[in-house]
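K.L.:
So that we are looking at the same thing, I have put the structure below in structure tokens.
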Amino acid sequence: LGTVACTLFLTVNGFYSSSDDVVELTPANFNGEVLQSDSLWLVEFYAPWCGHCQSLTPHWKKAATALKGVVKVGAVDADQHKSLGSQYGIRGFPTIKIFGSNKNKAEDYQGARSSQAIVDSALNSLRSMVKERLDGKSSGSEQGRQSSGGRKDVVDLTDDDFDNKVLNSDDIWLVEFYAPWCGHCKNLEPEWAAAAAEVKEQTKGKVKLGAVDATVHQMLASRYGIQGFPTIKVFRKGEQPEDYEGGRSKADIVARALDLYSDNAAPPELLEILNGDILKKTCEDYQLCIIAALPHILDTGASGRNAYLKVMMKMAEKYKKKMWGWLWMEAGAQMDLEQSLGIGGFGYPAMAAVNYRKMKFALLKGSFSEQGIHEFLRDLSMGRGSTATVGGGALPNINSVEPWDGKDGEV
């Protein structure tokens with residue numbers, strides 16, 4: 001009865017045990033054992049209920065013993081590990097794949113199902129792999145994620161540090177759950193890495209992109225119900241994670257990250273240009289800095305100036321996801337800056353949008369109103385409108401002035 005029970009267990013749950021020379025492969029160890037290996041691998045994809053697979057088993061074990069120390073022989077229960085079977089297009093059982101120099105391109109084994117034929121084929125493949133190395137062709141065993149240099153802004157997350165880094169963080173996280181053998185994950189990786197760098201810059205690190213190798217950190221994958229790869233989830237402190245439903249290009253990922261950031265971000269601060277440091281830091285830190293020259297306080301009084309500032313603050317709120325800097329100055333206080341931006345020719349108030357990196361600017365030529373400024377900034381966002389080079393090719397020296405005290409001016 002014990003023998004019968006053992007036989008039934010093996011039939012239902014798999015053909016190989018730890019005492020065999022066949023390596024049982026799963027999504028958890030496939031990357032490390034096969035794809036990261038310099039060895040030649042023969043891998044059988046089988047189903048326990050498959051009669052042809054049962055017939056192959058003694059030959060596969062015998063071949064594995066004969067090739068021990070020379071060629072690695074493995075087996076995947078593709079009925080249990082459907083993700084691996086799907087990744088390699090397994091449609092029937094048993095299917096045998098040969099993983100040689102280029103692990104990205106596994107070859108189909110086309111030979112007979114006897115131990116002798118399997119060994120002969122393995123040695124032929126091994127001979128070809130050695131010849132490629134002798135001829136100086138690079139090995140294809142370099143698999144998995146890019147080197148840290150190519151994805152330095154993507155945070156690798158593990159079972160041990162996920163809660164501390166993500167769940168306890170005040171930052172917003174977009175987390176990709178991936179499998180190293182997954183083709184769609186490989187396609188996503190360069191987009192994810194490029195997006196991480198841009199998102200870090202544009203949100204000042206307030207939105208982060210992370211990655212979890214779900215084949216290694218299976219507790220996390222199970223915890224969040226990961227069924228396929230890649231799966232992307234959004235994490236915000238104190239909230240349930242939500243599925244990322246956007247596109248998989250860099251532009252799509254960045255756009256979603258900026259939306260998440262702007263939903264929680266306060267509008268940018270509207271600063272008076274009091275000295276050169278305020279101007280330089282604001283324009284350096286942001287893609288664009290919006291500079292307004294408001295009429296002299298004697299011309300408008302406090303109520304008139306506050307009305308203009310209120311319009312600017314509404315526009316800063318409306319365009320906060322653009323992460324632009326917002327500045328203002330009193331007409332005549334910074335004449336060199338006005339001249340370099342061509343301000344004043346249309347009277348006051350006036351407005352310019354400055355790209356500090358390119359030293360280019362555009363002028364508001366419509367009304368200084370919510371509608372007029374909105375149309376001006378909308379056209380800039382869409383790449384429309386004319387631009388000019390900042391006079392002198394650089395921002396001029398700035399006079400140090402006292403901040404406005406919020407009161408009417410005195411003659």
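Ligands are numbered from 1 in the order shown, residues from 1 within each chain, and chains are lettered A, B, ... in the order they appear in the structure tokens.
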Can you pull out the residues contacting segment 321-328 of chain A? Cut-off 8 Å, using only C-alpha atoms, and skip same-chain residues under 6 positions away; I want them as a PyMOL selection string.
P.N.:
chain A and resi 202-203+258-259+261-262+268-273+279+282-283+285-294
K.L.:
List every residue of segment 95-253 of chain A that DSSP, applied to the backbone, labels as alpha helix (DSSP H), and write the result as a PyMOL selection string.
P.N.:
chain A and resi 115-134+162+183-202+218-223+250-253
K.L.:
Using DSSP on the backbone coordinates, identify all residues within segment 291-379 of chain A classified as strand (DSSP E); present the result as a list in words.
P.N.:
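Assigned to strand (DSSP E), within segment 291-379 of chain A: Ile291, Ala292, Ala293, Leu294, Gly325, Trp326, Leu327, Trp328, Met329, Glu330, Ala350, Met351, Ala352, Ala353, Val354, Asn355, Lys360, Phe361, Ala362 and Leu363 of chain A.
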K.L.:
Take atom CA of Ala362 of chain A and atom CA of Gln334 of chain A and report the distance between them in Å, one decimal.
P.N.:
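We find that atom CA of Ala362 of chain A and atom CA of Gln334 of chain A lie 18.1 Å from each other.
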K.L.:
If you count only C-alpha atoms, which residues fall within 10 Å of Lys237 of chain A, apart from same-chain ones fewer than 3 positions away, as a PyMOL selection string?
P.N.:
chain A and resi 166-173+240-241
K.L.:
Counting only C-alpha atoms, which residue out of A:Ala194, A:Met359, A:Val22, A:Val70 sits closest to Glu284 of chain A?
P.N.:
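For Glu284 of chain A, the nearest of the given residues is A:Met359.
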K.L.:
Find the nearest atom pair between each residue of segment 153-242 of chain A and segment 100-120 of chain A for residues within 12 Å, count only C-alpha atoms, give distances in Å to one decimal, sort rows by chain and ascending number, and present the table as a Markdown table.
P.N.:
| residue | atom | partner | partner_atom | distance |
| --- | --- | --- | --- | --- |
| A:Pro180 | CA | A:Asn104 | CA | 11.0 |
| A:Trp181 | CA | A:Asn104 | CA | 8.7 |
| A:Cys182 | CA | A:Asn104 | CA | 10.5 |
| A:Gly183 | CA | A:Asn104 | CA | 9.3 |
| A:Lys186 | CA | A:Asn104 | CA | 10.7 |
K.L.:
Could the residues in this selection be saved with all heavy atoms as a CSV table (one decimal), in the first residue's frame?
P.N.:
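Everything below was put into out.csv:
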chain,number,residue,atom,x,y,z
A,180,PRO,N,11.7,37.6,-14.3
A,180,PRO,CA,12.9,37.8,-15.2
A,180,PRO,C,12.7,37.2,-16.6
A,180,PRO,O,13.3,37.6,-17.5
A,180,PRO,CB,14.1,37.2,-14.4
A,180,PRO,CG,13.6,37.3,-13.0
A,180,PRO,CD,12.1,37.0,-13.0
A,181,TRP,N,12.0,36.1,-16.6
A,181,TRP,CA,11.8,35.4,-17.9
A,181,TRP,C,10.7,35.9,-18.8
A,181,TRP,O,10.5,35.5,-19.9
A,181,TRP,CB,11.5,33.9,-17.6
A,181,TRP,CG,10.6,33.6,-16.5
A,181,TRP,CD1,10.9,33.2,-15.3
A,181,TRP,CD2,9.1,33.7,-16.6
A,181,TRP,NE1,9.7,33.1,-14.5
A,181,TRP,CE2,8.6,33.4,-15.3
A,181,TRP,CE3,8.2,34.0,-17.6
A,181,TRP,CZ2,7.3,33.4,-15.0
A,181,TRP,CZ3,6.9,34.0,-17.3
A,181,TRP,CH2,6.4,33.7,-16.1
A,182,CYS,N,10.0,36.9,-18.3
A,182,CYS,CA,8.8,37.4,-18.9
A,182,CYS,C,9.1,38.4,-20.1
A,182,CYS,O,9.8,39.4,-19.8
A,182,CYS,CB,7.9,38.1,-17.9
A,182,CYS,SG,6.7,39.2,-18.6
A,183,GLY,N,8.7,38.1,-21.3
A,183,GLY,CA,9.0,38.9,-22.4
A,183,GLY,C,8.4,40.3,-22.3
A,183,GLY,O,9.1,41.3,-22.7
A,186,LYS,N,10.5,42.4,-20.1
A,186,LYS,CA,11.7,42.9,-20.7
A,186,LYS,C,11.4,44.1,-21.6
A,186,LYS,O,12.3,45.0,-21.7
A,186,LYS,CB,12.4,41.7,-21.5
A,186,LYS,CG,12.9,40.6,-20.7
A,186,LYS,CD,13.4,39.4,-21.5
A,186,LYS,CE,13.8,38.2,-20.7
A,186,LYS,NZ,14.1,37.0,-21.5
K.L.:
I need the residue nearest Glu370 of chain A from this list: A:Glu410, A:Glu317, A:Asp77, A:Asp405. Use only C-alpha atoms for the distance.
P.N.:
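The shortest atom-to-atom distance to Glu370 of chain A comes from A:Glu317.
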